[in-house]
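Contents: one structure, followed by commentary.
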Protein chains: 2
Amino acid sequence: MSTSKTNWKIVQLRCPTCCCYKTWKMPNVVMTAHPSNGGTVTQVDSIQHLPSPPHPPTVDGASESGHHMEVVKERTPQGGEWLLSGIICINILMLGCALVSSSAFNVVAITPVHRQIFLITLLVLSMLWMLFYMVVTSRKDHAVLFKDRHAGPVWLKAGLVLFGLLSFLMDIFKIATYVGYLHCDSPVKVAYPVVQAVFLFFQTYFLWFHSRDCVQLHTNLTRCGLTLTLSTNLVVWMAAVTEESIHQTEITHLNISVSHKLYRANYGAKKCTCSHMACETFKEAFYYLYPFNIEYSLFASAMTYIMWKNVGRIVEHHKHYKFNFYVKDVFIGPVAGLLLVVAGLVTFVLYKINILKEDKEKRNKALLIHFIMNIVIVSLMSLSTMIGCIIYRLDRREYVSDKNPTRSLDVGLLVASSLGQFIISYFSLVATVAMGAQGYLNVLNLAWAVVMVVEIGLQNYFIIEGLHREPINVMQANARAFQDHTEMANDVEGQISRFSISKKPSWKRRVLREVCAFLLLANIILWIMPAFGARPQFDHSAEIYFYNYTMWNAIVNIGLPFGIFYRMHAVASLFEVYLRD
Amino acid sequence: MSTSKTNWKIVQLRCPTCCCYKTWKMPNVVMTAHPSNGGTVTQVDSIQHLPSPPHPPTVDGASESGHHMEVVKERTPQGGEWLLSGIICINILMLGCALVSSSAFNVVAITPVHRQIFLITLLVLSMLWMLFYMVVTSRKDHAVLFKDRHAGPVWLKAGLVLFGLLSFLMDIFKIATYVGYLHCDSPVKVAYPVVQAVFLFFQTYFLWFHSRDCVQLHTNLTRCGLTLTLSTNLVVWMAAVTEESIHQTEITHLNISVSHKLYRANYGAKKCTCSHMACETFKEAFYYLYPFNIEYSLFASAMTYIMWKNVGRIVEHHKHYKFNFYVKDVFIGPVAGLLLVVAGLVTFVLYKINILKEDKEKRNKALLIHFIMNIVIVSLMSLSTMIGCIIYRLDRREYVSDKNPTRSLDVGLLVASSLGQFIISYFSLVATVAMGAQGYLNVLNLAWAVVMVVEIGLQNYFIIEGLHREPINVMQANARAFQDHTEMANDVEGQISRFSISKKPSWKRRVLREVCAFLLLANIILWIMPAFGARPQFDHSAEIYFYNYTMWNAIVNIGLPFGIFYRMHAVASLFEVYLRD
């Protein structure tokens with residue numbers, strides 16, 4: 001769109017690796033190069049925005065006059081470009097928020113059918129844009145010249161496909177259920193899961209193949225399309241969270257007016273009965289799959305957001321440090337972690353079996369085991385993270401000095417998603433303390449909440465500190481670069497020995513790797529338990545009585561999916577920290 | 001704290017104005033200078049972080065070997081520094097959120113007294129830190145070497161003092177009221193407003209004199225202290241919003257269980273009556289002042305957040321362009337704007353008088369006039385903003401290329417605070433459309449919501465675009481700099497004429513200034529009306545019936561203070577855009 005308006009222009013970019021000027025060929029930019037030798041080595045990609053200013057000032061004039069002038073402009077994108085897409089996003093989100101809330105709180109005027117019509121419109125529009133992007137934009141010659149190799153990591157893609165498949169299953173069950181109501185209910189209720197199922201395939205395919213694209217063509221349209229997709233996913237997420245909350249409130253048979261009204265409005269008042277036998281089974285099945293759909297929307301939102309940030313960016317691929325992945329030096333961490341995973345899985349299965357039993361004794365026993373297991377896991381994690389933090393203090397190392405948008409985004413997502421677990425734990429904590437923490441279950445629940453808050457705080461510190469420290473092999477490269485400056489040889493020798501350039505890692509590095517490996521596995525089991533249906537928040541009734549059901553439901557249903565996302569994200573980040581140390 | 005660990009070190013900083021190297025004397029840094037002549041002129045401050053790495057690599061070695069090596073490191077602060085303060089902030093906020101929610105929803109175990117004890121603790125801790133900062137840290141020699149002149153602008157300071165005084169009045173009334181209940185109610189209810197009143201003075205004094213500080217000493221402690229103050233303000237804000245919502249629900253005499261329960265728990269159940277006569281009057285008075293306290297907390301939060309971002313920053317003051325403020329070339333904009341302000345004030349006074357009358361006819365007439373006036377104002381604003389945007393398209397100008405954290409923060413605050421009005425308008429819109437928009441008041445309400453959404457979208461676009469365009473006088477300076485390069489004289493001459501270097505502004509600039517002046521005044525009247533108590537959201541009952549009272553209350557009480565903040569922020573930003581054009 002906007003790129004077509006300007007002619008080829010010359011921009012000079014300083015290469016961060018070698019302190020020289022490099023030439024780049026671009027649809028509308030050519031960068032001149034003045035090679036020179038240099039010293040510093042940086043590990044991270046340098047990413048610049050290259051919008052096309054209406055009247056480009058001829059910056060190359062200065063460089064021609066002989067100065068080594070700095071002309072790298074890390075400019076913010078032009079106002080209009082991201083603004084328009086931002087305005088679209090905000091408007092869709094606000095409208096979606098109002099529609100979802102009113103379909104939940106006011107059943108007379110706005111029913112779920114209205115909301116579903118809105119969602120179908122959004123899904124179809126998003127699909128049309130994705131089709132346009134895949135068929136037209138991405139096929140053009142200069143559309144995608146760069147890929148951001150930090151974007152769309154494997155764990156995110158794998159999660160997307162896994163949760164996408166389970167969401168697809170949910171849609172199948174939904175269609176099967178609502179087909180039975182077709183004779184007396186709106187056909188929109190069948191149309192919505194059908195459109196959503198198609199959308200799932202479209203979006204998963206799109207994100208799988210294009211999530212790393214740094215789009216240079218049709219930037220305006222692409223930005224708007226991406227925010228449309230982003231806000232569609234977020235509205236779907238809001239709708240799913242609300243439906244799930246209402247359903248949870250419903251099945252407890254508590255006399256909450258909201259859910260009752262809604263239930264009656266959906267089926268009761270109209271006396272609409274299902275025409276086939278398997279209806280109830282399907283309905284029960286698809287509600288079990290809701291959390292996966294919620295998770296899918298979060299994953300897709302994160303990936304679309306990263307794509308949006310990457311539109312118009314130029315990623316310069318230079319010296320990429322291969323991190324060696326070897327496990328022969330670590331032993332205690334992985335073994336302890338694996339033991340924890342196995343123990344966690346065993347208690348999780350026991351919990352799932354016993355919690356459904358009629359006998360209250362057995363249910364309480366299941367809760368007891370679950371609480372104790374979780375407290376043990378989280379305490380051990382806190383302990384090992386503390387060891388890791390102490391090692392950080394001892395092993396003072398240089399911090400990564402470059403700006404890295406992907407790392408900032410990673411850290412932002414990590415902290416933001418941890419808020420989900422934080423809020424659940426704090427609400428639990430306040431409720432249990434206020435009620436005096438009577439009975440062993442309440443004491444355990446309180447202990448769990450406290451240890452969880454400590455663990456997440458420490459782990460966030462550990463991961464973020466780890467991601468910001470200079471990786472060992474970059475330090476070695478730095479040291480070697482310093483060695484080339486013969487006049488500094490004396491200084492450097494000390495550095496090399498200090499940074500332990502030898503192949504065999506020092507004890508500090510080994511301990512850090514042990515800690516990382518242990519935390520990684522522990523996060524996996526903490527991910528498995530809530531992701532596959534452990535909900536002690538509802539099985540233990542303290543908080544339900546303290547806050548009312550609707551409120552506690554809303555807190556858990558908003559907080560827990562973020563908590564699950566946090567665990568997966570933590571696993572990926574710990575893996576990176578492991579490779580760096 | 002951390003700065004004391006490292007010795008004096010040498011860092012080389014490239015001066016963005018003259019493309020040379022400058023020397024800086026710092027408590028722990030000395031920067032070497034290699035002066036050279038250069039060309040580009042940038043308008044914005046260059047702000048760098050200067051943390052003290054544990055093992056500073058000797059970067060000056062490279063510069064000694066003759067290369068003009070780039071060593072400016074715009075590094076993220078060390079993990080531990082902002083992380084610790086961030087973790088403190090998140091924990092206080094989550095705990096505060098849980099306490100405030102449970103004191104509103106569960107009256108048996110957690111009463112407002114518990115919440116107030118928590119708040120008193122926070123307020124006292126914040127005051128202790130502020131005292132420490134003012135008495136110890138800021139008096140030290142090298143504590144504050146730089147001031148960020150973008151931080152703490154006049155409008156923010158003036159707003160803080162104004163709302164601070166009104167909040168102080170609120171506390172006086174609160175004390176007077178609760179003293180009457182002392183014989184049968186908790187003394188905490190008197191202690192809280194007393195502590196808050198002291199805190200108001202402390203904080204306003206602190207922010208008035210120190211909001212521009214870029215603190216270089218005790219950075220760890222200062223960061224933690226600032227986030228403590230920030231989260232204290234946000235928890236006070238949450239508590240005030242909740243109390244105000246509950247009170248609003250209470251006075252409507254609608255049978256909402258929450259407020260009823262709370263009211264009974266506060267006074268009814270205990271049969272606690274006031275011991276002096278003026279009690280009811282005071283109580284009514286202090287509830288009128290709640291919105292100002294909410295606004296004060298938002299202002300203080302914004303200023304503390306900016307201070308927190310500035311800790312450890314080095315602001316280099318160089319060539320500061322004086323913007324000329326002259327009004328002789330603009331006429332239509334200010335006159336039309338002033339007429340609008342006067343008309344708005346007249347209808348506002350009429351509205352305030354008539355809305356309290358018993359007669360429903362008169363109340364509806366007051367609402368009618370208020371709606372029409374608002375629609376007229378907002379429509380005219382949309383129209384003039386559209387003209388402004390067209391001029392932007394015609395008058396293609398270079399965009400500011402430098403990173404400016406304060407501008408990014410400004411834009412962020414503008415967009416974030418506009419969400420408040422967005423959400424109210426969208427909820428209004430959905431409610432009115434769903435109920436069929438019957439009756440002229442509903443039609444007007446719908447029209448208002450639609451025009452408001454359009455206006456805010458356009459205005460955000462206009463302001464952000466304006467802030468990112470190169471100011472006219474900077475362009476003139478650039479053009480002059482280019483003139484010095486004799487080999488480029490031909491090129492430059494064209495530029496100078498294109499950029500209209502002559503003293504007399506072009507018609508495009510004049511129209512832009514007219515638009516800015518008009519929008520500025522229109523925003524002032526749109527600020528005055530809600531800030532001084534116009535609440536058509538509650539006087540017109542459509543939304544109250546559609547959503548229930550509690551929900552609509554929460555939406556308005558959260559959204560409107562942000563909306564008011566948005567108007568003030570827009571006035572300040574439009575003033576800056578006016579000066580730039």
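Residue names in the structure tokens use chain letters A, B, ... in the order shown, residue numbers from 1 in each chain, and ligand numbers from 1 in the order shown.
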
Taking 4 positions as the minimum chain separation for residues in the same chain, which residues sit within 8 Å of Gln116 (chain B) when counting only C-alpha atoms? Answer as a VMD selection string. chain B and resid 112 120 188 to 189 192

List every residue of region 79-262 of chain B that DSSP, applied to the backbone of this structure, places in helix (DSSP H, G or I), and write the result as a ChimeraX atom specification. /B:79-105,112-135,137-139,154-179,188-210,219-251,257-262

Among A:Tyr290, A:Phe282, A:Phe201, A:Trp552, Met238 (chain A) is approached most closely, using only C-alpha atoms, by A:Tyr290

Find the residue from A:Ile355, A:Ile544, A:Val451, A:Leu560 that sits nearest to Leu419 (chain A); use only C-alpha atoms when measuring.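 Checking each of A:Ile355, A:Ile544, A:Val451, A:Leu560 against Leu419 (chain A), counting only C-alpha atoms, the winner is A:Leu560.
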
Region 271-445 of chain A: residues DSSP assigns to strand (DSSP E or B), reported as a list in words: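 In region 271-445 of chain A, DSSP puts these residues in strand (DSSP E or B): Arg313, Ile314, Val315, Glu316 and Tyr399 of chain A.
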
Contacts of region 82-87 of chain B within 7 Å, only C-alpha atoms, excl. fewer than 5 positions in-chain, as a compact mmCIF listing (two decimals) with N, CA, C and O atoms, in the first residue's frame:
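And here is the file that came out, around26.txt:
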```
# COMPACT_ATOMS: atom_id res chain seq x y z
N GLY A 457 7.13 -15.75 41.80
CA GLY A 457 8.00 -14.57 41.90
C GLY A 457 9.45 -14.93 41.65
O GLY A 457 10.13 -14.31 40.83
N TYR A 461 11.93 -14.09 38.33
CA TYR A 461 13.23 -13.45 38.53
C TYR A 461 14.33 -14.27 37.87
O TYR A 461 15.15 -13.75 37.11
N PRO B 77 17.66 -2.16 31.76
CA PRO B 77 18.29 -2.18 33.08
C PRO B 77 18.50 -3.61 33.53
O PRO B 77 17.86 -4.52 33.05
N ARG B 223 13.59 2.49 43.09
CA ARG B 223 12.63 1.79 42.24
C ARG B 223 11.56 1.10 43.08
O ARG B 223 10.38 1.20 42.78
N CYS B 224 12.00 0.42 44.14
CA CYS B 224 11.03 -0.28 44.99
C CYS B 224 10.10 0.72 45.66
O CYS B 224 8.89 0.50 45.73
N THR B 227 7.53 1.95 43.11
CA THR B 227 6.45 1.01 42.80
C THR B 227 5.54 0.83 44.02
O THR B 227 4.34 0.59 43.85
```

Skipping near chain neighbours, those fewer than 4 positions away, what residues fall within 9 Å of Val415 (chain B) using only C-alpha atoms, listed as a short mmCIF file (atom, residue, chain, number, x, y, z; two decimals) with C-alpha atoms, in the first residue's frame?
```
data_model
loop_
_atom_site.label_atom_id
_atom_site.label_comp_id
_atom_site.auth_asym_id
_atom_site.auth_seq_id
_atom_site.Cartn_x
_atom_site.Cartn_y
_atom_site.Cartn_z
CA ASP B 410 2.37 10.03 26.36
CA VAL B 411 0.88 8.21 23.40
CA LEU B 419 -10.46 3.20 26.38
CA ASN B 460 -6.34 9.95 18.70
CA TYR B 566 -8.22 11.51 28.64
#
```

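Closest approach to chain B among A:Val342, A:Val108, A:Leu350, A:Leu579 is made by A:Val108 (distances from only C-alpha atoms).
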
Write out as a list in words each polymer residue whose atoms come within 12 Å of Cys279 (chain A), counting only C-alpha atoms; drop sequence neighbours fewer than 6 positions from it.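 Returned residues: Phe173, Lys174, Ile175, Ala176, Thr177, Tyr178, Val179, Gly180, Tyr181, Thr273, Ala285 and Phe286 of chain A.
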
Nearest-residue call for Ala104 (chain B), choices A:Ile172, A:Val346, A:Ala572, A:Tyr547, using only C-alpha atoms: A:Tyr547

Could you pull the residues within 8 Å of region 380-394 of chain B, counting only C-alpha atoms, minus those fewer than 3 positions along the same chain, as an MDAnalysis selection string? chainID B and resid 376:377 451 454:455 458:459 462 508 511:512 515 518:519 522

Those residues you just picked out, can you put them in a file as an mmCIF file, in the first residue's frame with N, CA, C and O atoms?
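New file out.cif:
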```cif
data_model
loop_
_atom_site.group_PDB
_atom_site.id
_atom_site.type_symbol
_atom_site.label_atom_id
_atom_site.label_comp_id
_atom_site.auth_asym_id
_atom_site.auth_seq_id
_atom_site.Cartn_x
_atom_site.Cartn_y
_atom_site.Cartn_z
ATOM 1 N N VAL B 376 -23.662 18.062 19.434
ATOM 2 C CA VAL B 376 -23.176 19.174 18.609
ATOM 3 C C VAL B 376 -21.664 19.346 18.795
ATOM 4 O O VAL B 376 -20.907 19.425 17.826
ATOM 5 N N ILE B 377 -21.231 19.378 20.060
ATOM 6 C CA ILE B 377 -19.789 19.557 20.329
ATOM 7 C C ILE B 377 -18.977 18.457 19.660
ATOM 8 O O ILE B 377 -18.025 18.711 18.915
ATOM 9 N N VAL B 451 -21.231 9.069 17.723
ATOM 10 C CA VAL B 451 -20.374 10.201 17.374
ATOM 11 C C VAL B 451 -19.145 10.241 18.283
ATOM 12 O O VAL B 451 -18.042 10.579 17.850
ATOM 13 N N VAL B 454 -16.537 7.803 17.061
ATOM 14 C CA VAL B 454 -15.888 8.352 15.860
ATOM 15 C C VAL B 454 -14.907 9.456 16.258
ATOM 16 O O VAL B 454 -13.755 9.491 15.813
ATOM 17 N N GLU B 455 -15.368 10.352 17.135
ATOM 18 C CA GLU B 455 -14.548 11.507 17.514
ATOM 19 C C GLU B 455 -13.261 11.074 18.205
ATOM 20 O O GLU B 455 -12.168 11.568 17.875
ATOM 21 N N LEU B 458 -10.828 9.495 15.696
ATOM 22 C CA LEU B 458 -10.215 10.510 14.841
ATOM 23 C C LEU B 458 -9.222 11.362 15.621
ATOM 24 O O LEU B 458 -8.116 11.650 15.150
ATOM 25 N N GLN B 459 -9.634 11.775 16.820
ATOM 26 C CA GLN B 459 -8.772 12.666 17.602
ATOM 27 C C GLN B 459 -7.466 11.973 17.996
ATOM 28 O O GLN B 459 -6.395 12.586 17.939
ATOM 29 N N PHE B 462 -5.323 12.039 14.998
ATOM 30 C CA PHE B 462 -4.827 13.389 14.745
ATOM 31 C C PHE B 462 -3.676 13.746 15.691
ATOM 32 O O PHE B 462 -2.623 14.233 15.266
ATOM 33 N N LYS B 508 -1.810 25.806 4.993
ATOM 34 C CA LYS B 508 -1.993 24.491 5.616
ATOM 35 C C LYS B 508 -1.679 24.565 7.105
ATOM 36 O O LYS B 508 -2.405 24.040 7.939
ATOM 37 N N VAL B 511 -4.454 26.392 8.924
ATOM 38 C CA VAL B 511 -5.649 25.562 9.151
ATOM 39 C C VAL B 511 -5.394 24.572 10.283
ATOM 40 O O VAL B 511 -6.242 24.380 11.162
ATOM 41 N N LEU B 512 -4.200 23.956 10.293
ATOM 42 C CA LEU B 512 -3.888 22.993 11.347
ATOM 43 C C LEU B 512 -3.955 23.653 12.723
ATOM 44 O O LEU B 512 -4.457 23.069 13.689
ATOM 45 N N VAL B 515 -7.516 24.205 13.711
ATOM 46 C CA VAL B 515 -8.112 22.937 14.154
ATOM 47 C C VAL B 515 -7.656 22.606 15.568
ATOM 48 O O VAL B 515 -8.461 22.267 16.439
ATOM 49 N N PHE B 518 -9.292 24.886 18.157
ATOM 50 C CA PHE B 518 -10.697 24.547 18.349
ATOM 51 C C PHE B 518 -10.845 23.275 19.177
ATOM 52 O O PHE B 518 -11.609 23.226 20.149
ATOM 53 N N LEU B 519 -10.086 22.232 18.801
ATOM 54 C CA LEU B 519 -10.178 20.957 19.510
ATOM 55 C C LEU B 519 -9.775 21.118 20.969
ATOM 56 O O LEU B 519 -10.386 20.530 21.867
ATOM 57 N N ALA B 522 -12.618 22.673 22.820
ATOM 58 C CA ALA B 522 -13.744 21.729 22.894
ATOM 59 C C ALA B 522 -13.463 20.634 23.915
ATOM 60 O O ALA B 522 -14.349 20.207 24.657
#
```

Calculated over only C-alpha atoms, which of the candidates A:Ala109, A:Leu340, A:Leu521, A:Met277 has the smallest distance to Met435 (chain B)?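 Of all the options, A:Ala109 lies closest to Met435 (chain B).
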
Residue with smallest distance to chain B - pool A:Thr281, A:Asn220, A:Gln421, A:Thr204, counting only C-alpha atoms: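 The closest residue to chain B is A:Gln421.
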
Please report the interatomic distance between CA of Val241 (chain B) and CA of Phe565 (chain B) in Å with one decimal. 14.9 Å

Which residues, written as number ranges by chain, have at least one atom at most 6 Å from Ala366 (chain B), with only C-alpha atoms counted and residues fewer than 3 positions away on the same chain left out? B: 351, 354, 363, 369
